[in-house]
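Novice: Contents of data.cif (mmCIF, C-alpha atoms and all ligand atoms) are given next:
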data_run
loop_
_atom_site.label_atom_id
_atom_site.label_comp_id
_atom_site.auth_asym_id
_atom_site.auth_seq_id
_atom_site.Cartn_x
_atom_site.Cartn_y
_atom_site.Cartn_z
CA MET P 74 -39.16 -57.22 40.66
CA LYS P 75 -36.89 -54.31 39.83
CA LEU P 76 -38.09 -52.26 36.87
CA ALA P 77 -35.59 -50.75 34.47
CA THR P 78 -34.25 -47.42 35.72
CA ARG P 79 -35.48 -45.61 32.61
CA THR P 80 -39.06 -46.14 33.74
CA THR P 81 -38.36 -44.02 36.80
CA ARG P 82 -37.18 -41.12 34.64
CA ILE P 83 -40.41 -40.65 32.71
CA THR P 84 -44.02 -39.78 33.46
CA PRO P 85 -47.00 -41.01 31.44
CA SER P 86 -48.53 -38.49 29.04
CA PRO P 87 -50.54 -36.14 31.30
CA THR P 88 -52.66 -34.91 28.42
CA LEU P 89 -53.79 -38.41 27.44
CA GLN P 90 -54.42 -39.24 31.11
CA LEU P 91 -56.51 -36.13 31.63
CA SER P 92 -58.46 -36.71 28.43
CA ALA P 93 -59.23 -40.26 29.62
CA THR P 94 -60.44 -38.96 33.02
CA VAL P 95 -62.72 -36.44 31.36
CA LYS P 96 -64.09 -39.01 28.90
CA ALA P 97 -64.85 -41.31 31.85
CA LEU P 98 -66.70 -38.50 33.66
CA ILE P 99 -68.73 -37.75 30.53
CA ALA P 100 -69.54 -41.47 30.18
CA GLN P 101 -70.84 -41.40 33.77
CA GLY P 102 -73.31 -38.70 32.72
CA HIS P 103 -71.47 -35.54 33.81
CA GLN P 104 -72.00 -32.53 31.53
CA ILE P 105 -68.47 -31.33 30.85
CA SER P 106 -67.15 -28.81 28.35
CA ASP P 107 -64.03 -30.67 27.29
CA PHE P 108 -61.08 -28.60 26.04
CA THR P 109 -58.41 -31.23 26.71
CA ALA P 110 -58.38 -33.17 23.45
CA GLY P 111 -55.41 -32.80 21.13
CA GLU P 112 -57.52 -33.83 18.17
CA PRO P 113 -59.93 -32.14 15.76
CA SER P 114 -63.61 -32.99 16.32
CA PHE P 115 -64.23 -33.53 12.58
CA ASP P 116 -64.77 -36.90 10.98
CA SER P 117 -61.89 -38.19 8.82
CA PRO P 118 -62.24 -37.21 5.12
CA ASP P 119 -64.35 -39.45 2.87
CA ALA P 120 -61.33 -40.06 0.63
CA ALA P 121 -59.48 -41.61 3.58
CA LYS P 122 -62.45 -43.64 4.81
CA SER P 123 -63.30 -45.09 1.40
CA ALA P 124 -59.64 -45.98 0.72
CA GLY P 125 -59.51 -47.77 4.08
CA ILE P 126 -62.76 -49.66 3.40
CA LYS P 127 -61.58 -50.62 -0.08
CA ALA P 128 -58.30 -51.93 1.40
CA ILE P 129 -60.26 -54.18 3.78
CA GLN P 130 -62.58 -55.40 1.03
CA GLU P 131 -59.68 -56.15 -1.27
CA GLY P 132 -57.87 -58.12 1.41
CA PHE P 133 -55.03 -55.63 1.87
CA THR P 134 -54.81 -56.81 5.45
CA LYS P 135 -51.41 -58.48 5.74
CA TYR P 136 -47.94 -57.36 6.75
CA THR P 137 -46.52 -54.67 4.47
CA ALA P 138 -42.97 -53.42 4.01
CA VAL P 139 -41.78 -52.40 7.50
CA THR P 140 -41.07 -48.79 6.56
CA GLY P 141 -44.33 -48.21 4.66
CA ILE P 142 -45.72 -49.11 1.22
CA ASP P 143 -44.22 -47.50 -1.87
CA ASP P 144 -47.48 -45.79 -2.92
CA LEU P 145 -47.74 -44.01 0.39
CA LYS P 146 -44.06 -43.02 0.34
CA GLN P 147 -44.63 -41.63 -3.15
CA ALA P 148 -47.67 -39.62 -1.99
CA ILE P 149 -45.52 -38.19 0.84
CA ILE P 150 -42.64 -37.41 -1.54
CA ASP P 151 -45.06 -35.69 -3.96
CA LYS P 152 -46.46 -33.61 -1.10
CA PHE P 153 -42.99 -32.41 -0.07
CA THR P 154 -42.12 -31.56 -3.67
CA ALA P 155 -45.38 -29.75 -4.46
CA GLU P 156 -45.77 -27.85 -1.21
CA GLN P 157 -42.24 -27.16 -0.03
CA GLY P 158 -40.00 -27.75 -3.03
CA LEU P 159 -38.15 -30.44 -1.07
CA SER P 160 -37.03 -33.59 -2.88
CA TYR P 161 -36.60 -36.94 -1.18
CA THR P 162 -36.11 -40.50 -2.40
CA ARG P 163 -38.10 -43.41 -0.97
CA SER P 164 -35.14 -44.45 1.18
CA GLN P 165 -35.40 -41.06 2.90
CA ILE P 166 -38.99 -41.64 4.05
CA LEU P 167 -40.18 -43.70 7.01
CA VAL P 168 -43.87 -44.28 7.75
CA SER P 169 -44.67 -45.12 11.39
CA CYS P 170 -47.66 -45.63 13.71
CA GLY P 171 -48.33 -41.91 14.30
CA ALA P 172 -45.92 -38.99 14.60
CA LYS P 173 -45.31 -39.81 18.25
CA HIS P 174 -43.96 -43.17 17.15
CA THR P 175 -41.90 -41.44 14.46
CA LEU P 176 -40.35 -39.24 17.13
CA PHE P 177 -39.76 -42.21 19.42
CA ASN P 178 -37.92 -44.10 16.65
CA LEU P 179 -35.91 -40.96 16.07
CA ALA P 180 -34.97 -40.61 19.76
CA MET P 181 -33.88 -44.26 19.84
CA ALA P 182 -31.85 -43.93 16.64
CA LEU P 183 -30.20 -40.57 17.32
CA PHE P 184 -29.84 -39.88 21.05
CA GLU P 185 -27.73 -41.62 23.68
CA SER P 186 -26.13 -41.06 27.04
CA GLY P 187 -24.04 -37.88 27.09
CA ASP P 188 -26.10 -36.15 24.37
CA GLU P 189 -27.95 -32.91 24.95
CA VAL P 190 -31.13 -32.09 23.08
CA ILE P 191 -32.34 -28.49 23.07
CA ILE P 192 -36.10 -28.06 23.42
CA PRO P 193 -37.71 -24.60 23.24
CA ALA P 194 -40.16 -24.12 26.12
CA PRO P 195 -43.14 -24.27 26.36
CA TYR P 196 -42.97 -27.62 24.58
CA TRP P 197 -45.11 -30.60 23.66
CA VAL P 198 -45.12 -32.93 26.67
CA SER P 199 -43.55 -35.95 24.94
CA TYR P 200 -40.30 -34.33 23.74
CA PRO P 201 -38.43 -34.29 27.07
CA GLU P 202 -39.77 -37.70 28.06
CA GLN P 203 -38.60 -39.33 24.84
CA VAL P 204 -35.18 -37.72 25.18
CA LEU P 205 -34.98 -39.13 28.72
CA VAL P 206 -36.02 -42.62 27.59
CA ALA P 207 -33.10 -42.46 25.15
CA ASP P 208 -30.74 -41.69 28.09
CA ALA P 209 -30.01 -38.19 26.78
CA LYS P 210 -30.53 -34.85 28.52
CA PRO P 211 -33.21 -32.30 27.59
CA ILE P 212 -31.96 -28.70 27.69
CA PHE P 213 -34.81 -26.21 27.85
CA LEU P 214 -34.69 -22.97 25.93
CA PRO P 215 -37.19 -20.50 27.40
CA SER P 216 -39.20 -18.33 25.02
CA GLU P 217 -41.29 -15.23 25.67
CA GLU P 218 -45.02 -14.83 25.30
CA ARG P 219 -44.58 -11.21 24.16
CA SER P 220 -42.46 -12.24 21.16
CA GLY P 221 -45.03 -14.86 20.08
CA TYR P 222 -42.73 -17.53 21.58
CA ALA P 223 -40.03 -16.84 18.98
CA ILE P 224 -36.61 -18.43 19.38
CA ASP P 225 -34.10 -16.04 20.93
CA LEU P 226 -30.97 -16.72 18.88
CA ASP P 227 -28.63 -15.38 21.59
CA LYS P 228 -30.18 -17.73 24.14
CA LEU P 229 -29.94 -20.60 21.66
CA LYS P 230 -26.26 -19.83 21.06
CA ALA P 231 -25.64 -19.85 24.80
CA ALA P 232 -27.38 -23.24 25.18
CA ILE P 233 -25.21 -24.98 22.54
CA THR P 234 -22.33 -27.12 23.83
CA SER P 235 -20.07 -29.76 22.31
CA ARG P 236 -22.66 -32.30 23.50
CA THR P 237 -25.59 -30.74 21.61
CA LYS P 238 -26.96 -33.45 19.36
CA ALA P 239 -30.19 -31.86 18.19
CA LEU P 240 -32.74 -29.08 18.52
CA ILE P 241 -36.44 -29.93 18.41
CA LEU P 242 -38.61 -27.36 16.64
CA ASN P 243 -42.39 -27.47 16.59
CA SER P 244 -44.06 -24.92 14.34
CA PRO P 245 -46.97 -24.27 14.69
CA CYS P 246 -46.45 -25.15 18.32
CA ASN P 247 -48.44 -27.24 20.75
CA PRO P 248 -49.21 -25.68 23.25
CA THR P 249 -48.46 -22.02 22.40
CA GLY P 250 -49.78 -21.79 18.83
CA GLY P 251 -46.60 -19.86 18.00
CA ILE P 252 -45.01 -20.14 14.56
CA TYR P 253 -41.40 -19.60 13.50
CA HIS P 254 -40.72 -17.14 10.72
CA ARG P 255 -38.14 -17.59 7.97
CA GLU P 256 -35.73 -15.01 9.40
CA THR P 257 -35.53 -16.83 12.74
CA LEU P 258 -35.18 -20.19 11.02
CA GLU P 259 -32.30 -18.84 8.93
CA GLY P 260 -30.54 -17.83 12.16
CA VAL P 261 -31.20 -21.26 13.69
CA ALA P 262 -29.93 -22.97 10.52
CA GLN P 263 -26.69 -20.98 10.65
CA LEU P 264 -26.07 -22.19 14.21
CA ALA P 265 -27.02 -25.79 13.38
CA LEU P 266 -24.57 -25.89 10.47
CA GLU P 267 -21.82 -24.11 12.40
CA HIS P 268 -22.12 -26.44 15.40
CA ASN P 269 -23.11 -29.51 13.40
CA PHE P 270 -26.30 -30.58 15.16
CA MET P 271 -29.51 -31.96 13.70
CA VAL P 272 -32.81 -30.12 13.74
CA VAL P 273 -35.93 -32.16 14.32
CA SER P 274 -38.78 -30.22 12.71
CA ASP P 275 -42.16 -31.40 13.95
CA GLU P 276 -44.61 -29.97 11.42
CA ILE P 277 -47.72 -31.89 12.44
CA TYR P 278 -49.78 -28.65 12.70
CA GLU P 279 -48.43 -27.12 9.45
CA LYS P 280 -51.89 -26.70 7.89
CA MET P 281 -53.50 -25.13 10.95
CA ILE P 282 -52.29 -21.64 10.37
CA TYR P 283 -54.41 -18.48 10.30
CA ASP P 284 -54.57 -14.85 9.14
CA GLN P 285 -52.91 -15.57 5.78
CA GLN P 286 -49.64 -16.53 7.46
CA THR P 287 -47.56 -19.28 5.89
CA HIS P 288 -45.79 -22.30 7.31
CA VAL P 289 -42.03 -22.38 6.77
CA SER P 290 -39.98 -25.53 7.25
CA ILE P 291 -36.37 -25.07 8.32
CA ALA P 292 -35.51 -27.75 5.75
CA THR P 293 -36.30 -25.19 3.02
CA VAL P 294 -33.77 -22.63 4.24
CA SER P 295 -30.93 -24.19 2.18
CA PRO P 296 -30.01 -27.55 0.62
CA GLU P 297 -27.30 -27.89 3.27
CA MET P 298 -29.87 -27.36 6.03
CA ALA P 299 -32.19 -29.97 4.47
CA LYS P 300 -29.39 -32.49 5.13
CA HIS P 301 -29.33 -31.45 8.79
CA THR P 302 -33.11 -31.63 9.22
CA ILE P 303 -35.47 -34.47 9.89
CA VAL P 304 -39.03 -33.40 9.14
CA VAL P 305 -41.74 -35.12 11.17
CA ASN P 306 -45.37 -34.99 10.05
CA GLY P 307 -48.47 -37.17 9.82
CA VAL P 308 -52.15 -37.33 8.98
CA SER P 309 -53.49 -37.18 12.57
CA LYS P 310 -54.16 -33.46 12.81
CA THR P 311 -54.23 -32.33 9.16
CA TYR P 312 -56.89 -34.86 8.20
CA SER P 313 -58.47 -35.47 11.60
CA MET P 314 -57.18 -39.06 11.53
CA THR P 315 -55.77 -39.44 15.04
CA GLY P 316 -57.07 -42.99 15.45
CA TRP P 317 -55.62 -44.30 12.21
CA ARG P 318 -52.05 -43.86 13.52
CA ILE P 319 -49.99 -42.79 10.55
CA GLY P 320 -46.99 -40.49 10.95
CA TYR P 321 -43.92 -40.07 8.81
CA ALA P 322 -40.40 -38.70 8.70
CA ALA P 323 -38.22 -37.39 5.88
CA GLY P 324 -34.51 -36.91 6.30
CA PRO P 325 -30.99 -38.23 5.79
CA GLU P 326 -30.94 -41.80 4.51
CA ALA P 327 -28.67 -43.19 7.25
CA LEU P 328 -30.90 -41.84 10.01
CA ILE P 329 -34.10 -43.01 8.30
CA LYS P 330 -32.58 -46.47 7.88
CA ALA P 331 -31.62 -46.67 11.56
CA MET P 332 -35.14 -45.56 12.57
CA GLY P 333 -36.61 -48.19 10.25
CA ASP P 334 -34.39 -50.86 11.80
CA ILE P 335 -35.71 -49.95 15.25
CA GLN P 336 -39.28 -50.02 13.94
CA SER P 337 -38.64 -53.46 12.40
CA GLN P 338 -37.85 -54.82 15.87
CA SER P 339 -40.76 -53.12 17.63
CA THR P 340 -44.02 -52.55 15.76
CA SER P 341 -43.16 -53.81 12.24
CA ASN P 342 -45.22 -51.96 9.63
CA PRO P 343 -47.92 -49.39 10.40
CA THR P 344 -51.41 -50.83 9.85
CA SER P 345 -51.89 -51.79 6.20
CA ILE P 346 -55.39 -50.34 5.81
CA ALA P 347 -54.42 -47.10 7.57
CA GLN P 348 -51.59 -46.66 5.09
CA LYS P 349 -54.10 -46.90 2.22
CA ALA P 350 -56.40 -44.42 3.99
CA ALA P 351 -53.45 -42.02 4.37
CA ILE P 352 -52.86 -42.15 0.60
CA GLY P 353 -56.54 -41.22 0.08
CA ALA P 354 -56.15 -38.27 2.46
CA LEU P 355 -52.88 -37.02 1.01
CA ARG P 356 -54.03 -37.33 -2.59
CA GLU P 357 -57.62 -36.13 -2.27
CA GLY P 358 -58.07 -34.40 1.08
CA GLN P 359 -57.23 -30.78 0.22
CA ASP P 360 -60.84 -29.48 0.33
CA PHE P 361 -61.26 -31.13 3.71
CA ILE P 362 -58.31 -29.18 5.12
CA GLN P 363 -59.74 -25.90 3.88
CA MET P 364 -63.14 -26.60 5.45
CA MET P 365 -61.59 -27.65 8.76
CA VAL P 366 -59.19 -24.73 9.07
CA GLN P 367 -61.94 -22.19 8.27
CA GLU P 368 -64.07 -23.66 11.04
CA LEU P 369 -61.16 -23.85 13.50
CA ASP P 370 -60.44 -20.19 12.81
CA LYS P 371 -63.96 -19.23 13.98
CA ARG P 372 -63.52 -21.32 17.11
CA ARG P 373 -60.12 -19.72 17.70
CA THR P 374 -61.45 -16.17 17.76
CA THR P 375 -64.50 -17.19 19.82
CA ILE P 376 -62.45 -18.78 22.58
CA VAL P 377 -59.67 -16.18 22.66
CA ASP P 378 -62.12 -13.25 22.77
CA GLY P 379 -64.14 -15.02 25.47
CA LEU P 380 -61.11 -15.85 27.61
CA ASN P 381 -59.84 -12.28 27.40
CA ARG P 382 -63.17 -11.02 28.76
CA ILE P 383 -62.59 -12.96 31.99
CA GLU P 384 -60.82 -11.04 34.71
CA GLY P 385 -57.42 -12.51 35.59
CA ILE P 386 -56.93 -14.22 32.21
CA GLN P 387 -54.83 -12.91 29.32
CA CYS P 388 -54.79 -14.84 26.10
CA PRO P 389 -52.76 -13.90 23.01
CA MET P 390 -54.25 -14.84 19.62
CA PRO P 391 -52.46 -18.03 18.56
CA ALA P 392 -51.03 -17.94 15.02
CA GLY P 393 -51.39 -21.67 14.44
CA ALA P 394 -52.34 -25.16 15.72
CA PHE P 395 -55.64 -25.41 17.66
CA TYR P 396 -54.80 -24.40 21.20
CA ALA P 397 -55.50 -21.25 23.18
CA PHE P 398 -52.77 -20.77 25.77
CA PRO P 399 -53.89 -18.16 28.29
CA ASN P 400 -51.69 -16.70 30.97
CA ILE P 401 -53.52 -17.12 34.28
CA GLN P 402 -51.07 -15.36 36.57
CA GLY P 403 -53.92 -13.04 37.54
CA LEU P 404 -55.80 -16.01 39.02
CA LEU P 405 -52.97 -17.64 40.94
CA GLY P 406 -53.33 -17.03 44.66
CA ARG P 407 -57.07 -16.32 44.51
CA ARG P 408 -59.09 -18.44 46.91
CA PHE P 409 -61.89 -20.93 46.58
CA GLN P 410 -63.70 -21.49 49.88
CA GLY P 411 -60.62 -20.21 51.71
CA THR P 412 -58.07 -22.36 49.88
CA PRO P 413 -55.65 -20.49 47.60
CA LEU P 414 -55.26 -21.76 44.03
CA THR P 415 -51.50 -21.50 43.67
CA THR P 416 -50.75 -23.47 40.50
CA PRO P 417 -52.32 -24.11 37.07
CA PHE P 418 -52.90 -27.69 38.30
CA ALA P 419 -55.01 -26.33 41.17
CA VAL P 420 -56.88 -23.92 38.86
CA ALA P 421 -57.59 -26.66 36.30
CA ASP P 422 -58.84 -28.94 39.06
CA PHE P 423 -61.09 -26.17 40.41
CA LEU P 424 -62.46 -25.49 36.91
CA LEU P 425 -63.22 -29.15 36.32
CA LYS P 426 -65.05 -29.51 39.63
CA GLN P 427 -66.80 -26.15 39.85
CA ALA P 428 -67.32 -25.10 36.24
CA LYS P 429 -67.39 -28.55 34.64
CA VAL P 430 -64.80 -27.21 32.23
CA ALA P 431 -61.82 -29.43 31.42
CA CYS P 432 -58.54 -27.90 30.28
CA VAL P 433 -54.89 -28.89 30.65
CA PRO P 434 -52.63 -27.21 33.24
CA GLY P 435 -49.42 -25.66 31.88
CA GLU P 436 -46.87 -27.41 34.11
CA PRO P 437 -46.25 -30.50 31.89
CA PHE P 438 -45.62 -28.12 28.96
CA GLY P 439 -42.98 -26.23 30.96
CA ALA P 440 -45.40 -23.33 31.51
CA PRO P 441 -46.17 -22.87 35.21
CA THR P 442 -48.46 -19.83 34.67
CA HIS P 443 -50.66 -21.08 31.83
CA LEU P 444 -53.56 -23.33 30.92
CA ARG P 445 -54.11 -25.01 27.54
CA PHE P 446 -57.53 -25.03 25.92
CA SER P 447 -57.97 -27.06 22.76
CA TYR P 448 -60.50 -25.17 20.61
CA THR P 449 -61.61 -28.20 18.65
CA PRO P 450 -65.09 -28.44 20.28
CA THR P 451 -68.03 -26.78 18.49
CA ILE P 452 -68.77 -23.04 18.94
CA GLU P 453 -71.78 -23.98 21.13
CA VAL P 454 -69.59 -26.03 23.49
CA ILE P 455 -66.99 -23.25 23.54
CA GLN P 456 -69.64 -20.63 24.40
CA GLN P 457 -71.16 -22.79 27.14
CA GLY P 458 -67.68 -23.51 28.55
CA LEU P 459 -66.74 -19.83 28.58
CA LYS P 460 -69.95 -18.94 30.41
CA SER P 461 -69.36 -21.56 33.12
CA LEU P 462 -65.70 -20.55 33.35
CA ALA P 463 -66.56 -16.88 33.85
CA GLU P 464 -69.11 -17.71 36.56
CA ALA P 465 -66.73 -20.02 38.46
CA ILE P 466 -63.86 -17.55 38.30
CA HIS P 467 -66.14 -14.73 39.42
CA SER P 468 -66.90 -16.75 42.56
CA LEU P 469 -63.21 -16.80 43.60
CA GLU P 470 -62.23 -14.67 46.56
C1 LIG Q 501 -46.56 -31.44 18.61
C2 LIG Q 501 -47.06 -32.81 18.38
N1 LIG Q 501 -46.27 -33.68 17.74
C3 LIG Q 501 -46.67 -34.95 17.52
C4 LIG Q 501 -47.90 -35.38 17.96
C5 LIG Q 501 -48.27 -36.84 17.74
O1 LIG Q 501 -49.19 -37.02 16.74
P1 LIG Q 501 -49.70 -38.50 16.35
O2 LIG Q 501 -51.13 -38.57 16.76
O3 LIG Q 501 -49.52 -38.58 14.87
O4 LIG Q 501 -48.86 -39.48 17.06
C6 LIG Q 501 -48.74 -34.51 18.64
C7 LIG Q 501 -50.05 -34.99 19.17
O5 LIG Q 501 -50.64 -34.42 20.04
C8 LIG Q 501 -48.32 -33.20 18.85
O6 LIG Q 501 -49.09 -32.32 19.50
#
Take the structure in the file and give it back as structure tokens.
Ligand SMILES: Cc1ncc(COP(=O)(O)O)c(C=O)c1O

Specialist:
Amino acid sequence: MKLATRTTRITPSPTLQLSATVKALIAQGHQISDFTAGEPSFDSPDAAKSAGIKAIQEGFTKYTAVTGIDDLKQAIIDKFTAEQGLSYTRSQILVSCGAKHTLFNLAMALFESGDEVIIPAPYWVSYPEQVLVADAKPIFLPSEERSGYAIDLDKLKAAITSRTKALILNSPCNPTGGIYHRETLEGVAQLALEHNFMVVSDEIYEKMIYDQQTHVSIATVSPEMAKHTIVVNGVSKTYSMTGWRIGYAAGPEALIKAMGDIQSQSTSNPTSIAQKAAIGALREGQDFIQMMVQELDKRRTTIVDGLNRIEGIQCPMPAGAFYAFPNIQGLLGRRFQGTPLTTPFAVADFLLKQAKVACVPGEPFGAPTHLRFSYTPTIEVIQQGLKSLAEAIHSLE
């Protein structure tokens, strides 16, 4: 059997794989401080759960409209209007089975052979892979830790060619926690309009933002830019609803229709009861967000302060999302029982085996000197993990 060539271009999600390995170790009885998960540890909000239960009890368990039910689209439209002053019609909204699925539909509908897609690095692991599945070419745009991983407009200008089809923005960013400010986004918008490429704005972490900073969507820079932007979002992170699988996109009607057509020939509609639960979350989940973000903020400062106390690790305070992204250059080359740890992969493997601390190495994010720690576990787990981490690292030669 000869598999399709595209399967040789991609690698399975390393973060999901690692999370599965760690979960299996925990199930076998190993005590592990797990910082790999890309999901909040909180239960989904009551408003979402009761809407889902009600949907089951009322028999709302059949196929729905492929692109999502009208009530959910309306809740999404109302959210955009109230929070960002953006106005969309129902034909500009597509509901899919999680934001990853939204982005996959988008890659299939927008990218093809010969296209270039600019991706700021470090990046979420799935962006380059989805671009590759769509036969297009990812072009990486490096960003600097010292600028908070801001986009360098000169570098962006230099990366643009006649083949540039889109730029993928993720603010707040997984894995860096960096956020883009309005001034930078205005500069990006100017380039997008001048060179006529689309901006994909993945705003899945929009609510996880700290220190009184605010989330800015590039779609709000100007009405013209809104027409060049496809906003991607979902309920997974904001409402701790990763398992329900509801993501959505808002953007130009023609693109949304093409994405919906692809969805109609792959998954059909997102799960009916999950759509109802998402309405519950969007309409009544605001207190939940406040509670969760306050708690995440405490965990953020606990882990960052703790990591910075460990020799060889430097960790900037992330502005958003729920990841600490320490630079571990100071550890690379140090030895464990005579063997040098030369890569984040090697360091992460050492930490899992010796400290029973699980984190994600930076390589799959395009960051060969970093580790990613999700700070969604409780403060107690974070403190225990930091203690074990410090002891293991202290033992390195
Ligand atoms: C940046 C980013 N975008 C999209 C997603 C996908 O979210 P969902 O669970 O809704 O598919 C994730 C999940 O980790 C993410 O980190």

Novice: As a quick test: using all atoms listed in the file, which residues lie no more than 9 Å away from ligand LIG 501 (chain Q)? Give them as a PyMOL selection string.

Specialist: chain P and resi 88-89+110-112+169-176+196-200+243-248+275-278+305-310+314-321+394

Novice: Within 7 Å of segment 420-427 of chain P, counting all atoms listed in the file, which residues qualify if same-chain residues fewer than 5 places away don't, as a ChimeraX atom specification?

Specialist: /P:414,432-434,462,465

Novice: At what distance in Å, to one decimal, does atom CA of Val272 of chain P lie from atom CA of Ile192 of chain P?

Specialist: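 Separation of atom CA of Ile192 of chain P and atom CA of Val272 of chain P: 10.4 Å.
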
Novice: I'd like the neighbourhood of segment 279-286 of chain P as a list in words, where a residue qualifies if any of its atoms comes within 9 Å (using only C-alpha atoms), though same-chain residues fewer than 4 positions away should be ignored.

Specialist: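 Counting only C-alpha atoms, the residues come to Ser244, Pro245, Gly250, Ile252, Asp275, Ser290, Asn306, Lys310, Thr311, Ile362, Gln363, Met365, Val366, Gln367, Leu369, Asp370, Pro391, Ala392, Gly393, Ala394 and Phe395 of chain P.
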
Novice: Please produce an output containing C-alpha atoms for each residue in the selection, written as a PDB file, in the frame of the given file.

Specialist:
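Result file is out-v5.pdb:
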ATOM      1  CA  SER P 244     -44.060 -24.920  14.340  1.00  0.00           C
ATOM      2  CA  PRO P 245     -46.970 -24.270  14.690  1.00  0.00           C
ATOM      3  CA  GLY P 250     -49.780 -21.790  18.830  1.00  0.00           C
ATOM      4  CA  ILE P 252     -45.010 -20.140  14.560  1.00  0.00           C
ATOM      5  CA  ASP P 275     -42.160 -31.400  13.950  1.00  0.00           C
ATOM      6  CA  SER P 290     -39.980 -25.530   7.250  1.00  0.00           C
ATOM      7  CA  ASN P 306     -45.370 -34.990  10.050  1.00  0.00           C
ATOM      8  CA  LYS P 310     -54.160 -33.460  12.810  1.00  0.00           C
ATOM      9  CA  THR P 311     -54.230 -32.330   9.160  1.00  0.00           C
ATOM     10  CA  ILE P 362     -58.310 -29.180   5.120  1.00  0.00           C
ATOM     11  CA  GLN P 363     -59.740 -25.900   3.880  1.00  0.00           C
ATOM     12  CA  MET P 365     -61.590 -27.650   8.760  1.00  0.00           C
ATOM     13  CA  VAL P 366     -59.190 -24.730   9.070  1.00  0.00           C
ATOM     14  CA  GLN P 367     -61.940 -22.190   8.270  1.00  0.00           C
ATOM     15  CA  LEU P 369     -61.160 -23.850  13.500  1.00  0.00           C
ATOM     16  CA  ASP P 370     -60.440 -20.190  12.810  1.00  0.00           C
ATOM     17  CA  PRO P 391     -52.460 -18.030  18.560  1.00  0.00           C
ATOM     18  CA  ALA P 392     -51.030 -17.940  15.020  1.00  0.00           C
ATOM     19  CA  GLY P 393     -51.390 -21.670  14.440  1.00  0.00           C
ATOM     20  CA  ALA P 394     -52.340 -25.160  15.720  1.00  0.00           C
ATOM     21  CA  PHE P 395     -55.640 -25.410  17.660  1.00  0.00           C
TER      22      PHE P 395
END

Novice: Have a look at atom CA of Ile212 of chain P and atom CA of Thr84 of chain P and let me know their distance in Å, one decimal.

Specialist: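 Here the two named atoms are 17.4 Å from each other.
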
Novice: Quick one: pull the distance between atom CA of Thr442 of chain P and atom CA of Phe108 of chain P, Å, one decimal.

Specialist: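 Taking atom CA of Thr442 of chain P as the start and atom CA of Phe108 of chain P as the end point, the length is 17.6 Å.
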
Novice: Tell me which residues come within 8 Å of (-53.5, -15.5, 23.9), as a list in words, counting all atoms listed in the file in the file's coordinates.

Specialist: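 Residues with an atom at most 8 Å from (-53.5, -15.5, 23.9): Val377, Asn381, Gln387, Cys388, Pro389, Met390, Pro391, Ala397, Phe398, Pro399 and Asn400 of chain P.
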
Novice: Within 7 Å of (-31.2, -26.5, 21.4) (coordinates as in the file), grab all the protein and nucleic acid residues, counting all atoms listed in the file, and write them out as JSON, numbers by chain.

Specialist: {"P": [190, 191, 192, 212, 214, 229, 232, 233, 239, 240, 241]}

Novice: Using 12 Å as the limit and counting all atoms listed in the file, can you tabulate each residue of segment 341-413 of chain P that touches segment 113-118 of chain P, with its shortest atom-to-atom distance in Å and the two atoms involved, as a tab-separated table?

Specialist:
residue	atom	partner	partner_atom	distance
P:Ala347	CA	P:Ser117	CA	11.7
P:Ala350	CA	P:Pro118	CA	9.3
P:Ala351	CA	P:Pro118	CA	10.0
P:Ile352	CA	P:Pro118	CA	11.5
P:Gly353	CA	P:Pro118	CA	8.6
P:Ala354	CA	P:Pro118	CA	6.7
P:Leu355	CA	P:Pro118	CA	10.2
P:Arg356	CA	P:Pro118	CA	11.3
P:Glu357	CA	P:Pro118	CA	8.8
P:Gly358	CA	P:Pro118	CA	6.5
P:Gln359	CA	P:Pro118	CA	9.5
P:Asp360	CA	P:Pro118	CA	9.2
P:Phe361	CA	P:Pro118	CA	6.3
P:Ile362	CA	P:Pro118	CA	8.9
P:Gln363	CA	P:Pro118	CA	11.6
P:Met364	CA	P:Phe115	CA	10.0
P:Met365	CA	P:Phe115	CA	7.5
P:Val366	CA	P:Pro113	CA	10.0
P:Glu368	CA	P:Phe115	CA	10.0
P:Leu369	CA	P:Pro113	CA	8.7
P:Arg372	CA	P:Pro113	CA	11.5
P:Ala394	CA	P:Pro113	CA	10.3
P:Phe395	CA	P:Pro113	CA	8.2
P:Tyr396	CA	P:Pro113	CA	10.8

Novice: Tell me, as a list of chain:residue names, which residues lie within 12 Å of Leu98 of chain P, counting only C-alpha atoms; anything in the same chain fewer than 6 positions away does not count.

Specialist: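 Within the cut-off, the hits are P:Leu91, P:Ser92, P:Gln104, P:Ile105, P:Ser106, P:Asp107, P:Leu425, P:Lys426, P:Lys429, P:Val430, P:Ala431.
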
Novice: Hey, which of P:Thr140, P:Asn178, P:Gln402, P:Gln410 ends up closest to Gln165 of chain P? Count all atoms listed in the file.

Specialist: P:Thr140

Novice: Which residues come within 12 Å of Phe270 of chain P, counting all atoms listed in the file, excluding same-chain residues fewer than 6 positions away, as a list in words?

Specialist: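 Using all atoms listed in the file, the neighbours found are Leu183, Phe184, Asp188, Glu189, Val190, Ile191, Ile233, Thr234, Ser235, Arg236, Thr237, Lys238, Ala239, Leu240, Ile241, Val261, Ala262, Gln263, Leu264, Met298, Lys300, His301, Thr302 and Ile303 of chain P.
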
Novice: In terms of the shortest atom-to-atom distance over only C-alpha atoms, which of P:Leu469, P:Val168, P:Ala77, P:Val95 is closest to Ser345 of chain P?

Specialist: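 Closest to Ser345 of chain P, using only C-alpha atoms: P:Val168.
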
Novice: Could you check the closest approach to Lys146 of chain P for each of P:Ala292, P:Arg255, P:Gln130, P:Ala322 and tell me which residue wins, using only C-alpha atoms?

Specialist: P:Ala322
